[in-house]
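Let me begin by presenting the structure, written as structure tokens, before commenting on it.
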Amino acid sequence: SGTTTATIKGTHIDVDQSGAMASGQTLTVHGLDLDINTESPTHNAASNIITYGASINVTGDTSTNTTYNTGLDMIVTGGDTNTGIRMTNADGGNDFKIRSSANSADYATWSTTANGATTLETVDAVGNEADFTIDADGDITLDSHDKIDFKLQGGSHFQFSTHTVTLFNLADSNDKVYFSTSANSDFKIQNVADTGTAPITIDALGTIELDSGTG
């Protein structure tokens, strides 16, 4: 126990590599190498196994002036390439799952599968208030090699692709309006209807001005 300023360590692992590596050799160093295997022998089909590679529980005391709790603190530096966390998780699972302290059934997940396809998902256990907020102290850049698709309740609403912005009717995605550009900054508005006609209406509270460079 400590009653004055101090640093307490339950377990301290200090690994120092001191030998000079010879040409063409490779040294792999693990500060902690943990291997857990529960797949052998064959278990009863009605049994259950819950496995944790590491379980960390940090509880602070709020009666002090200030208490700071950190579950995991890492410093990775000095290499030609530095990776804070490298993970290989079976596809179909959650690479990260972050739960609310108010209700563990409210959570967000990060999942990466084949081809690097990545999904960020939020879940509200009892409603649809699992909002997703990006609060940037600077620019927000979306850089897609194909298209950017904004959906509402699973259906496309806005879609950005090369030279074209598409606005979809949520009731019928076959009804849409294209805004496109081409060579020499040519600009085109085109609407498409699944059935019937597709009139274009401009309803302005003020002046509508059309200014052509050629007449």
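Chain identifiers are assigned as A, B, and so on, following the order in which chains appear in the structure tokens; residues are numbered from 1 within each chain, and ligands are numbered from 1 in order of appearance.
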query: What lies within 9 Å of Gln190 (chain A) using only C-alpha atoms, ignoring chain neighbours under 3 positions off, as a PyMOL selection string?
result: chain A and resi 176-180
Enumerate as a PDB file with C-alpha atoms, in the first residue's frame all residues of chain A assigned to helix (DSSP H, G or I) by DSSP on the backbone, naming them with the chain letters and numbers the document uses.
```pdb
ATOM      1  CA  ALA A 114     -12.365  -9.953 -46.861  1.00  0.00           C
ATOM      2  CA  ASN A 115     -10.895  -7.345 -49.232  1.00  0.00           C
ATOM      3  CA  GLY A 116     -10.606  -4.954 -46.283  1.00  0.00           C
ATOM      4  CA  ALA A 183     -15.821  17.985 -70.585  1.00  0.00           C
ATOM      5  CA  ASN A 184     -15.559  21.800 -70.615  1.00  0.00           C
ATOM      6  CA  SER A 185     -17.660  21.893 -67.404  1.00  0.00           C
TER       7      SER A 185
END
```
message: I'd like the contact shell of Asn103 (chain A) - 9 Å cut-off, only C-alpha atoms, skipping same-chain residues fewer than 4 positions apart - returned as a list in words.
response: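 Residues meeting the cut-off are Arg99, Tyr107 and Ala125 of chain A.
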Residue selection dump (all heavy atoms) as a compact mmCIF listing (two decimals), in the first residue's frame:
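See selection15.txt below for the written result:
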```
# COMPACT_ATOMS: atom_id res chain seq x y z
N ARG A 99 -19.28 -0.82 -25.53
CA ARG A 99 -20.60 -0.85 -24.90
C ARG A 99 -20.82 0.37 -24.01
O ARG A 99 -19.89 0.92 -23.42
CB ARG A 99 -20.77 -2.12 -24.07
CG ARG A 99 -20.61 -3.40 -24.87
CD ARG A 99 -20.92 -4.63 -24.04
NE ARG A 99 -20.05 -4.74 -22.87
CZ ARG A 99 -20.14 -5.69 -21.96
NH1 ARG A 99 -21.07 -6.61 -22.05
NH2 ARG A 99 -19.30 -5.72 -20.94
N TYR A 107 -24.48 -0.46 -28.00
CA TYR A 107 -23.06 -0.61 -28.31
C TYR A 107 -22.75 -0.17 -29.74
O TYR A 107 -23.65 0.10 -30.55
CB TYR A 107 -22.62 -2.07 -28.12
CG TYR A 107 -23.38 -3.07 -28.96
CD1 TYR A 107 -22.97 -3.38 -30.25
CD2 TYR A 107 -24.52 -3.71 -28.46
CE1 TYR A 107 -23.67 -4.29 -31.03
CE2 TYR A 107 -25.23 -4.62 -29.23
CZ TYR A 107 -24.79 -4.92 -30.52
OH TYR A 107 -25.49 -5.81 -31.27
N ALA A 125 -30.58 -0.74 -28.07
CA ALA A 125 -31.29 -1.96 -27.70
C ALA A 125 -32.81 -1.80 -27.77
O ALA A 125 -33.51 -2.78 -28.07
CB ALA A 125 -30.88 -2.41 -26.30
```
field: Exercise: Val123 (chain A) partners within 9 Å, only C-alpha atoms, chain neighbours under 4 positions left out, as a ChimeraX atom specification
entry: /A:105-109,127-131
task: Would you list the contacts of Asn37 (chain A) as a ChimeraX atom specification, taking every protein, DNA or RNA residue within 12 Å and counting only C-alpha atoms, but skipping same-chain residues closer than 4 positions in sequence?
output: /A:41,49-53
May I have the residues from that selection written out with N, CA, C and O atoms, as a PDB file, in the first residue's frame?
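Ended up saving to part_17.pdb:
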```pdb
ATOM      1  N   PRO A  41      -9.621 -31.290 -25.555  1.00  0.00           N
ATOM      2  CA  PRO A  41     -10.275 -32.354 -26.338  1.00  0.00           C
ATOM      3  C   PRO A  41     -11.663 -31.931 -26.825  1.00  0.00           C
ATOM      4  O   PRO A  41     -12.090 -30.801 -26.593  1.00  0.00           O
ATOM      5  N   ILE A  49     -18.105 -22.615 -23.294  1.00  0.00           N
ATOM      6  CA  ILE A  49     -16.760 -22.146 -22.985  1.00  0.00           C
ATOM      7  C   ILE A  49     -16.697 -20.646 -23.263  1.00  0.00           C
ATOM      8  O   ILE A  49     -17.056 -20.191 -24.349  1.00  0.00           O
ATOM      9  N   ILE A  50     -16.241 -19.880 -22.297  1.00  0.00           N
ATOM     10  CA  ILE A  50     -16.031 -18.433 -22.446  1.00  0.00           C
ATOM     11  C   ILE A  50     -14.552 -18.175 -22.192  1.00  0.00           C
ATOM     12  O   ILE A  50     -14.044 -18.484 -21.115  1.00  0.00           O
ATOM     13  N   THR A  51     -13.868 -17.624 -23.167  1.00  0.00           N
ATOM     14  CA  THR A  51     -12.422 -17.452 -23.083  1.00  0.00           C
ATOM     15  C   THR A  51     -12.043 -15.981 -23.207  1.00  0.00           C
ATOM     16  O   THR A  51     -12.559 -15.269 -24.070  1.00  0.00           O
ATOM     17  N   TYR A  52     -11.162 -15.535 -22.351  1.00  0.00           N
ATOM     18  CA  TYR A  52     -10.617 -14.177 -22.413  1.00  0.00           C
ATOM     19  C   TYR A  52      -9.105 -14.268 -22.576  1.00  0.00           C
ATOM     20  O   TYR A  52      -8.429 -14.935 -21.785  1.00  0.00           O
ATOM     21  N   GLY A  53      -8.566 -13.609 -23.586  1.00  0.00           N
ATOM     22  CA  GLY A  53      -7.117 -13.545 -23.703  1.00  0.00           C
ATOM     23  C   GLY A  53      -6.519 -12.708 -22.599  1.00  0.00           C
ATOM     24  O   GLY A  53      -5.474 -13.031 -22.035  1.00  0.00           O
TER      25      GLY A  53
END
```
task: Find the spatial neighbours of Gly31 (chain A), counting only C-alpha atoms, within a cut-off of 7 Å - ignore same-chain residues fewer than 2 positions away - and output them as a ChimeraX atom specification.
output: /A:13,15,29,33
- request: Could you tell me, as a PyMOL selection string, which residues of region 95-171 of chain A DSSP assigns to strand (DSSP E) when given the backbone?
  value: chain A and resi 96-99+107-112+118-123+148-152+155-161+164-169
- prompt: What gap, in Å, lies between CA of Thr7 (chain A) and CA of Ser63 (chain A)?
  reply: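 Separation of CA of Thr7 (chain A) and CA of Ser63 (chain A): 19.2 Å.
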- request: Can you pull out every residue within 12 Å of Gly60 (chain A), counting only C-alpha atoms, but drop anything in the same chain fewer than 5 positions away, and send it as a PyMOL selection string?
  value: chain A and resi 65-71
If you keep N, CA, C and O atoms, can you produce a file of those selected residues as a compact mmCIF listing (two decimals), in the first residue's frame?
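Final file, again24.txt:
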```txt
# COMPACT_ATOMS: atom_id res chain seq x y z
N ASN A 65 -8.81 13.88 -4.64
CA ASN A 65 -8.96 15.14 -5.36
C ASN A 65 -9.22 14.89 -6.84
O ASN A 65 -10.16 15.44 -7.42
N THR A 66 -8.40 14.06 -7.46
CA THR A 66 -8.55 13.72 -8.88
C THR A 66 -8.15 12.27 -9.09
O THR A 66 -7.13 11.83 -8.58
N THR A 67 -8.95 11.53 -9.85
CA THR A 67 -8.63 10.15 -10.18
C THR A 67 -8.70 9.97 -11.69
O THR A 67 -9.71 10.31 -12.31
N TYR A 68 -7.64 9.47 -12.29
CA TYR A 68 -7.62 9.17 -13.72
C TYR A 68 -7.46 7.67 -13.89
O TYR A 68 -6.52 7.07 -13.36
N ASN A 69 -8.38 7.05 -14.63
CA ASN A 69 -8.29 5.62 -14.91
C ASN A 69 -8.04 5.40 -16.41
O ASN A 69 -8.70 6.02 -17.25
N THR A 70 -7.10 4.54 -16.73
CA THR A 70 -6.82 4.17 -18.11
C THR A 70 -6.74 2.66 -18.18
O THR A 70 -5.93 2.04 -17.47
N GLY A 71 -7.58 2.04 -19.02
CA GLY A 71 -7.58 0.59 -19.12
C GLY A 71 -6.35 0.05 -19.82
O GLY A 71 -5.80 -0.98 -19.43
```
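Restricting the calculation to only C-alpha atoms, the smallest distance between Gly92 (chain A) and any of A:Thr112, A:Ser23, A:Phe132, A:Ser156 is found for A:Thr112.
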task: Please indicate the distance in Å from CA of Asp61 (chain A) to CA of Val76 (chain A), rounded to one decimal place.
output: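 That distance, rounded to one decimal, is 29.2 Å.
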